[in-house]
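Just below is one structure, and these are the notes that go with it.
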Amino acid sequence: MLRLERLVLAQDGFRLTADWAAEQGTKLAVIGPSGAGKSTLLSAIAGFVAPESGRLLWQGQDLACLAPGARPLTILFQDQNLFPHLTLAQNLGLGLRPDLRLSAEERRRIEQVMERVGLAGLAARKPGQVSGGQIGRAALARALLRARPMLLLDEPFAALGPALKAEMLTLVADVAAETGALVMMVTHDPKDALAFADRTILVADGVARAPAGTAALFADPPAALRAYLG
Amino acid sequence: MASRIGTLIPAILAVGLALVVLAPLLVVAGRATGFALGPADWAALRFTLLQALASAVVSVGLAVPVARALARQTFPGRGALITLMGAPFLLPTIVAVLGVVAVFGRSGLVNDVLRLLGLGPVSIYGAHGVVLAHVFLNLPLAVRMVLQGWLAIPSERFRLAESLGLAPRDLWRHLEVPMLRAVLPGAFVVIFVICLTSFAVALTLGGGPRATTVELAIYQAMRFDFDLGRAALLAGVQFGLCAVVALLGWLLVRPAPFGAGLQRAPVLRQVGGWRRAADALVIGLAAAFLLVPLGAVILRGLPGLAEMPDAVWAAAGRSVAVALVSTAVTVMAALVLALGVAHGGRGAGAMDAAAALPLATSGLVLGVGLFLLVQTVVPPATLALPVTVMVNAVLSLPFVYRLLLPEARVLRADYGRLSTSLGISGLAWLRLIVVPRLARPIGFGAGLAAALSMGDLGVIALFASEQGATLPLVVQRLMGAYRMEAAAGAALVLVLVSFALFWACDAWGRWYASA
């Protein structure tokens, strides 16, 4: 279980509070106006922003003492999720061993995962030589290899067209089902939230509200969400 | 571990660097005899400032028309010419002097022409010769910096100006003058600082009461008078001078001395008519001024190869060893400092200042301090090469650091979080991320450091015995003994090795980055 205990995030003039918990294996959408703090919330969980006060707990353990790489999660950023000078296989390999000293067994697993996400035959390509959708697949394939219990998505597919984005969300759902991970996905699009997430976190007016059932939330949106949806 | 590399190791390095720069100065301060400068010392100080001023003004002034012509004309071989015209900056100073002498000296091309015209010979020796050699060495750098400024003006501005029907005179006033106002101070300060610490040029073309730099005066006080007190006093003066100018430059302008590729298509619309003819003349004169001495070095050097004493090859070996070791030290130190400063946090500002600190000192200042430090323990000549390695490494560090810092910042901005979130740290981070991403500037910086170290003639002249000389010192000694043929041969070897080292490092960087 992920617990945000009286969490307060503050960055010059900006303030966000959160106090709730989410069960393992839940799929959560994070929605709200630009600048409300969706990315900051994910950054704090991933360990890039230190909370001003309050605690972040995973299965009862305080995450504060863990470096970003040691936290029980994988995060996909808006862009720059792959190193452009490494091949796709090497980029995936980083998910298994950050020093890339891979065993034959590990290389075989990379091959399998690439096949699994539809990247067979592209192992030796570099990110610049493949499409945006394939880059998204590679980043998700690495998340599969890492198999951490949380997956944070900070709009990594924002630049993709609708069809490709839908494909990616299906793949995310598959990855989540396979690893049993708690998924938190930032999105601007209510359709994405409805299609993907059991529950939705509304981030607005300095508060990240407790997850609410997505369908119910959009059926009867609170004032802040109504203002955002327009 | 990444965070430890990001903070602790660079901090230790910065403190060590400050010690290496400042400790010799303390020793020097302890040994200086009095604080009264004699008339000769004042003359040296005055000449140092005046020649640096003249060299910087002339270099920058000439660079403006040359860069303008290169920016607004296209012709076959333009890229190659720009690259070639940059060569003198990498040229060992002593070789540049030989080239300048070959063209402007008593039996040089210029005097041959003057004789045909029935005019008396002009002498290259003296203050004007020092300035001439400095302009030869620094004009390429000035042209590069100014050309960069021209190419940085967005082409949309020129398109707009053209659509409004602006004449070249209006373009000059509205676009080019503002750009020059931003670029020229930086170019001026960099060249002024380089010329302040001029040693080899003053040693060979200057000298005497009217053309001695402080750097040369330190050497003479040590080597000929063996007046350590006076040498120490002069070293203090030199440090003060450089420190003030470096600080002013650091505060006023933050120049990036070397930009990336200049081979982009010219932004300016092709200018025709008499302006094209004038541009052709300017480019032709500049190319002749920069390339004829280079050609002379090669032409005179080829027959000289047979005349060279065996000492040349031993000295070449020593020089290469010194260059390789000092380059390795410089690049590693500059990389660690650049990564540390890019990482930010407390102490980043102090580390940045430490990396610029060597600009405030000079080869001979460090040399005198280290000489005084070691002479009580061992005969200084036995440490000639290690001391040269250290001094070369320290002096080229600010340049390599400036090349790496912007790239280190980009690396951190683009991939810092990704690296951390995947737990890539320590040596794996260096090997997998840093070196591949920064290979180009590392290669270029290493080439620069290697060429500068290979051609350095400064501290080694203080320390070396007859046997332990490096190649530039051998060239200078052969010149001093009027064995000009042999000197030309040795100079050719020196040039070839310097350029080869630069090329190898730079090519490694480009190859590694694209592999």
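Ordered as shown in the structure tokens, chains take letters A, B, and onward, while each chain numbers its residues from 1 and ligands are numbered from 1 in the order shown.
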Within 12 Å of chain A, which residues of chain B are there when counting only C-alpha atoms? Please give them as JSON, numbers by chain.
-> {"B": [1, 2, 3, 411, 412, 413, 414, 415, 416, 417, 418, 419, 420, 421, 422, 423, 424, 425, 426, 427, 428, 429, 430, 431, 432, 433, 434, 435, 436, 437, 438, 439, 512, 513, 514, 515]}
Writer output for current selection, N, CA, C and O atoms, as a short mmCIF file (atom, residue, chain, number, x, y, z; two decimals), in the first residue's frame:
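Result file is result-v8.cif:
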```cif
data_model
loop_
_atom_site.label_atom_id
_atom_site.label_comp_id
_atom_site.auth_asym_id
_atom_site.auth_seq_id
_atom_site.Cartn_x
_atom_site.Cartn_y
_atom_site.Cartn_z
N MET B 1 26.46 6.89 -4.89
CA MET B 1 27.82 7.08 -5.39
C MET B 1 27.87 8.22 -6.38
O MET B 1 28.77 9.05 -6.35
N ALA B 2 26.81 8.32 -7.23
CA ALA B 2 26.78 9.43 -8.18
C ALA B 2 26.80 10.75 -7.44
O ALA B 2 27.47 11.69 -7.84
N SER B 3 26.08 10.78 -6.30
CA SER B 3 26.03 12.03 -5.58
C SER B 3 27.37 12.29 -4.90
O SER B 3 27.77 13.42 -4.72
N LEU B 411 23.85 17.47 -20.03
CA LEU B 411 23.74 16.06 -19.65
C LEU B 411 22.88 15.92 -18.39
O LEU B 411 22.00 15.08 -18.29
N ARG B 412 23.15 16.82 -17.44
CA ARG B 412 22.42 16.76 -16.18
C ARG B 412 20.95 17.11 -16.39
O ARG B 412 20.05 16.44 -15.87
N ALA B 413 20.70 18.15 -17.20
CA ALA B 413 19.31 18.58 -17.42
C ALA B 413 18.53 17.50 -18.16
O ALA B 413 17.38 17.22 -17.82
N ASP B 414 19.15 16.87 -19.15
CA ASP B 414 18.42 15.92 -19.99
C ASP B 414 18.31 14.53 -19.37
O ASP B 414 17.29 13.88 -19.49
N TYR B 415 19.39 14.06 -18.74
CA TYR B 415 19.41 12.66 -18.33
C TYR B 415 19.74 12.44 -16.86
O TYR B 415 19.92 11.32 -16.43
N GLY B 416 19.83 13.54 -16.09
CA GLY B 416 20.15 13.40 -14.67
C GLY B 416 19.13 12.54 -13.94
O GLY B 416 19.48 11.58 -13.26
N ARG B 417 17.83 12.87 -14.12
CA ARG B 417 16.80 12.13 -13.41
C ARG B 417 16.68 10.69 -13.89
O ARG B 417 16.50 9.78 -13.09
N LEU B 418 16.81 10.52 -15.20
CA LEU B 418 16.71 9.16 -15.73
C LEU B 418 17.82 8.29 -15.14
O LEU B 418 17.57 7.16 -14.70
N SER B 419 19.06 8.82 -15.12
CA SER B 419 20.18 8.06 -14.56
C SER B 419 19.91 7.71 -13.11
O SER B 419 20.10 6.57 -12.69
N THR B 420 19.43 8.70 -12.34
CA THR B 420 19.19 8.45 -10.92
C THR B 420 18.07 7.45 -10.72
O THR B 420 18.16 6.56 -9.88
N SER B 421 16.99 7.59 -11.52
CA SER B 421 15.85 6.71 -11.29
C SER B 421 16.17 5.26 -11.65
O SER B 421 15.56 4.35 -11.13
N LEU B 422 17.16 5.07 -12.53
CA LEU B 422 17.57 3.70 -12.87
C LEU B 422 18.70 3.23 -11.96
O LEU B 422 19.17 2.11 -12.09
N GLY B 423 19.18 4.11 -11.08
CA GLY B 423 20.24 3.72 -10.15
C GLY B 423 21.59 3.55 -10.82
O GLY B 423 22.41 2.76 -10.36
N ILE B 424 21.83 4.29 -11.92
CA ILE B 424 23.14 4.20 -12.58
C ILE B 424 24.07 5.15 -11.85
O ILE B 424 23.81 6.35 -11.78
N SER B 425 25.16 4.63 -11.30
CA SER B 425 25.99 5.49 -10.47
C SER B 425 27.46 5.12 -10.61
O SER B 425 27.83 4.13 -11.23
N GLY B 426 28.30 5.96 -10.03
CA GLY B 426 29.73 5.68 -9.94
C GLY B 426 30.38 5.49 -11.29
O GLY B 426 30.12 6.20 -12.24
N LEU B 427 31.25 4.47 -11.32
CA LEU B 427 32.04 4.25 -12.53
C LEU B 427 31.17 3.83 -13.71
O LEU B 427 31.44 4.18 -14.85
N ALA B 428 30.08 3.07 -13.42
CA ALA B 428 29.20 2.65 -14.51
C ALA B 428 28.59 3.88 -15.18
O ALA B 428 28.46 3.93 -16.40
N TRP B 429 28.24 4.89 -14.36
CA TRP B 429 27.66 6.13 -14.88
C TRP B 429 28.68 6.85 -15.76
O TRP B 429 28.36 7.30 -16.86
N LEU B 430 29.93 6.90 -15.29
CA LEU B 430 30.99 7.53 -16.10
C LEU B 430 31.14 6.81 -17.43
O LEU B 430 31.19 7.41 -18.50
N ARG B 431 31.24 5.47 -17.35
CA ARG B 431 31.55 4.65 -18.52
C ARG B 431 30.39 4.63 -19.52
O ARG B 431 30.60 4.76 -20.73
N LEU B 432 29.16 4.48 -19.00
CA LEU B 432 28.03 4.27 -19.90
C LEU B 432 27.40 5.56 -20.36
O LEU B 432 26.85 5.64 -21.45
N ILE B 433 27.40 6.58 -19.51
CA ILE B 433 26.66 7.80 -19.83
C ILE B 433 27.59 8.98 -20.11
O ILE B 433 27.53 9.59 -21.17
N VAL B 434 28.46 9.31 -19.16
CA VAL B 434 29.22 10.56 -19.24
C VAL B 434 30.18 10.55 -20.43
O VAL B 434 30.12 11.43 -21.29
N VAL B 435 31.05 9.55 -20.48
CA VAL B 435 32.07 9.56 -21.53
C VAL B 435 31.44 9.48 -22.93
O VAL B 435 31.79 10.27 -23.80
N PRO B 436 30.47 8.58 -23.16
CA PRO B 436 29.86 8.56 -24.50
C PRO B 436 29.15 9.88 -24.85
O PRO B 436 29.25 10.35 -25.97
N ARG B 437 28.44 10.47 -23.89
CA ARG B 437 27.69 11.70 -24.20
C ARG B 437 28.63 12.89 -24.40
O ARG B 437 28.32 13.80 -25.14
N LEU B 438 29.75 12.89 -23.67
CA LEU B 438 30.65 14.04 -23.71
C LEU B 438 31.89 13.78 -24.56
O LEU B 438 32.86 14.54 -24.50
N ALA B 439 31.85 12.73 -25.38
CA ALA B 439 33.07 12.33 -26.10
C ALA B 439 33.62 13.45 -26.98
O ALA B 439 34.83 13.68 -27.03
N TYR B 512 34.00 8.32 -31.34
CA TYR B 512 33.35 7.69 -30.20
C TYR B 512 31.92 8.19 -30.05
O TYR B 512 31.02 7.45 -29.69
N ALA B 513 31.73 9.50 -30.35
CA ALA B 513 30.40 10.08 -30.19
C ALA B 513 29.43 9.53 -31.23
O ALA B 513 28.24 9.40 -30.97
N SER B 514 29.95 9.20 -32.40
CA SER B 514 29.04 8.76 -33.45
C SER B 514 28.95 7.24 -33.52
O SER B 514 28.07 6.71 -34.18
N ALA B 515 29.85 6.53 -32.84
CA ALA B 515 29.85 5.06 -32.91
C ALA B 515 28.65 4.49 -32.15
O ALA B 515 28.16 5.10 -31.22
#
```
Excluding same-chain residues fewer than 6 positions from region 121-132 of chain B, what lies within 10 Å of it counting only C-alpha atoms, as number ranges by chain?
-> B: 47, 50-56, 58-59, 97, 100-101, 103-108, 110-115, 138, 195, 198, 200-208, 210-212
Go ahead and save the residues from that selection, with C-alpha atoms, as a short mmCIF file (atom, residue, chain, number, x, y, z; two decimals), in the first residue's frame.
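The result, written out as out_10.cif:
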```
data_model
loop_
_atom_site.label_atom_id
_atom_site.label_comp_id
_atom_site.auth_asym_id
_atom_site.auth_seq_id
_atom_site.Cartn_x
_atom_site.Cartn_y
_atom_site.Cartn_z
CA PHE B 47 56.02 46.74 -21.92
CA LEU B 50 51.45 47.80 -23.84
CA GLN B 51 52.30 44.79 -26.02
CA ALA B 52 49.29 42.86 -24.70
CA LEU B 53 47.07 45.85 -25.41
CA ALA B 54 48.49 46.33 -28.91
CA SER B 55 48.33 42.60 -29.72
CA ALA B 56 44.72 42.31 -28.55
CA VAL B 58 45.22 44.56 -33.61
CA SER B 59 44.07 40.92 -33.48
CA VAL B 97 58.22 32.51 -34.21
CA VAL B 100 57.24 34.65 -38.70
CA VAL B 101 61.03 35.07 -38.89
CA VAL B 103 58.69 35.59 -43.70
CA PHE B 104 59.51 38.88 -42.00
CA GLY B 105 63.09 38.25 -40.83
CA ARG B 106 66.35 39.59 -42.28
CA SER B 107 66.51 36.98 -45.05
CA GLY B 108 62.76 36.50 -45.25
CA VAL B 110 59.27 40.50 -47.13
CA ASN B 111 62.83 41.81 -47.05
CA ASP B 112 63.57 40.08 -50.38
CA VAL B 113 60.72 42.05 -51.93
CA LEU B 114 61.82 45.28 -50.26
CA ARG B 115 65.36 44.80 -51.58
CA ASN B 138 45.93 34.98 -31.87
CA CYS B 195 49.62 37.90 -24.27
CA SER B 198 53.91 35.76 -23.19
CA ALA B 200 58.64 32.34 -25.77
CA VAL B 201 57.87 35.18 -28.20
CA ALA B 202 59.52 37.79 -25.99
CA LEU B 203 62.46 35.46 -25.40
CA THR B 204 63.16 35.05 -29.11
CA LEU B 205 61.99 38.30 -30.71
CA GLY B 206 62.13 40.72 -27.78
CA GLY B 207 64.60 41.17 -24.98
CA GLY B 208 66.65 44.15 -23.95
CA ARG B 210 62.70 48.00 -24.48
CA ALA B 211 61.05 44.66 -25.16
CA THR B 212 61.13 42.46 -22.07
#
```
From a DSSP calculation on the backbone, collect every residue of region 9-193 of chain A in strand (DSSP E or B) and output the set as JSON, numbers by chain.
-> {"A": [9, 10, 11, 14, 15, 16, 17, 18, 19, 20, 21, 22, 27, 28, 29, 30, 31, 53, 54, 55, 56, 57, 58, 61, 62, 73, 74, 75, 76, 150, 151, 152, 153, 154, 182, 183, 184, 185, 186]}
Considering only C-alpha atoms, return as a PyMOL selection string whatever protein or nucleic-acid residues lie within 8 Å of region 18-29 of chain A, sequence-local ones (same chain, fewer than 5 positions apart) excluded.
-> chain A and resi 1-8+149+176-177+180-187+193+196-201+207-211
What is the distance, in Å and to one decimal place, between CA of Phe157 (chain A) and CA of Gln78 (chain A)?
-> 7.3 Å
Can you tell me, as a ChimeraX atom specification, what residues are no more than 10 Å from Leu62 (chain B) when counting only C-alpha atoms, ignoring any on the same chain fewer than 6 positions away?
-> /B:56,135,139,142-143,282,286
Next, the residues of the selection above should be written as a CSV table (one decimal), in the first residue's frame with N, CA, C and O atoms.
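So result.csv came out as:
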```csv
chain,number,residue,atom,x,y,z
B,56,ALA,N,46.2,42.6,-28.6
B,56,ALA,CA,44.7,42.3,-28.6
B,56,ALA,C,43.9,43.2,-29.5
B,56,ALA,O,43.0,42.8,-30.2
B,135,VAL,N,50.0,38.6,-33.0
B,135,VAL,CA,48.8,38.7,-33.8
B,135,VAL,C,48.7,37.5,-34.7
B,135,VAL,O,47.6,36.9,-34.9
B,139,LEU,N,45.2,35.9,-34.0
B,139,LEU,CA,44.2,36.3,-35.0
B,139,LEU,C,43.2,35.1,-35.3
B,139,LEU,O,42.0,35.4,-35.4
B,142,ALA,N,40.7,35.1,-32.6
B,142,ALA,CA,39.8,36.2,-32.7
B,142,ALA,C,38.8,36.0,-33.9
B,142,ALA,O,37.6,36.3,-33.7
B,143,VAL,N,39.3,35.6,-35.0
B,143,VAL,CA,38.4,35.4,-36.2
B,143,VAL,C,37.3,34.4,-35.8
B,143,VAL,O,36.1,34.5,-36.1
B,282,VAL,N,40.4,40.8,-48.6
B,282,VAL,CA,40.6,40.7,-47.1
B,282,VAL,C,40.9,39.2,-46.8
B,282,VAL,O,41.8,38.9,-46.1
B,286,ALA,N,44.5,37.8,-45.3
B,286,ALA,CA,44.5,37.1,-44.0
B,286,ALA,C,45.0,35.7,-44.2
B,286,ALA,O,45.9,35.2,-43.4
```
Spatial neighbours of Leu225 (chain A), 8 Å, only C-alpha atoms, chain gap at least 5 places, as an MDAnalysis selection string | chainID A and resid 32 202 204
Residues of the last selection are to be written out with C-alpha atoms, as a compact mmCIF listing (two decimals), in the first residue's frame.
```txt
# COMPACT_ATOMS: atom_id res chain seq x y z
CA GLY A 32 -5.94 18.50 -13.03
CA LEU A 202 -7.84 15.21 -8.74
CA ALA A 204 -6.30 21.27 -7.99
```
Which neighbours of Val175 (chain A) fall inside 9 Å, counting only C-alpha atoms, when residues of the same chain fewer than 5 positions from it are skipped, and could you give them as a PDB file with C-alpha atoms, in the first residue's frame?
```pdb
ATOM      1  CA  LEU A 140       7.631   0.125 -20.996  1.00  0.00           C
ATOM      2  CA  ALA A 141       9.675  -2.990 -21.756  1.00  0.00           C
ATOM      3  CA  ALA A 143       9.603  -1.217 -16.718  1.00  0.00           C
ATOM      4  CA  LEU A 144       8.596  -4.864 -17.281  1.00  0.00           C
ATOM      5  CA  ALA A 147       9.219  -5.303 -12.286  1.00  0.00           C
ATOM      6  CA  THR A 170      -3.285  -1.177 -23.470  1.00  0.00           C
ATOM      7  CA  GLY A 180       0.812  -6.513 -10.285  1.00  0.00           C
ATOM      8  CA  ALA A 181       2.043  -2.945  -9.964  1.00  0.00           C
TER       9      ALA A 181
END
```
Do a neighbour search on Val325 (chain B) at 8 Å with only C-alpha atoms, toss out local chain neighbours closer than 4 positions, and write the hits as a PyMOL selection string.
-> chain B and resi 321+329+389
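When only C-alpha atoms are used to compute distances to Met85 (chain B), the closest of the residues B:Ile283, B:Ala231, B:Ala353, B:Ala464 turns out to be B:Ile283.
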Calculate how many Å separate CA of Ala64 (chain A) from CA of Thr40 (chain A), rounding to one decimal.
-> 15.7 Å
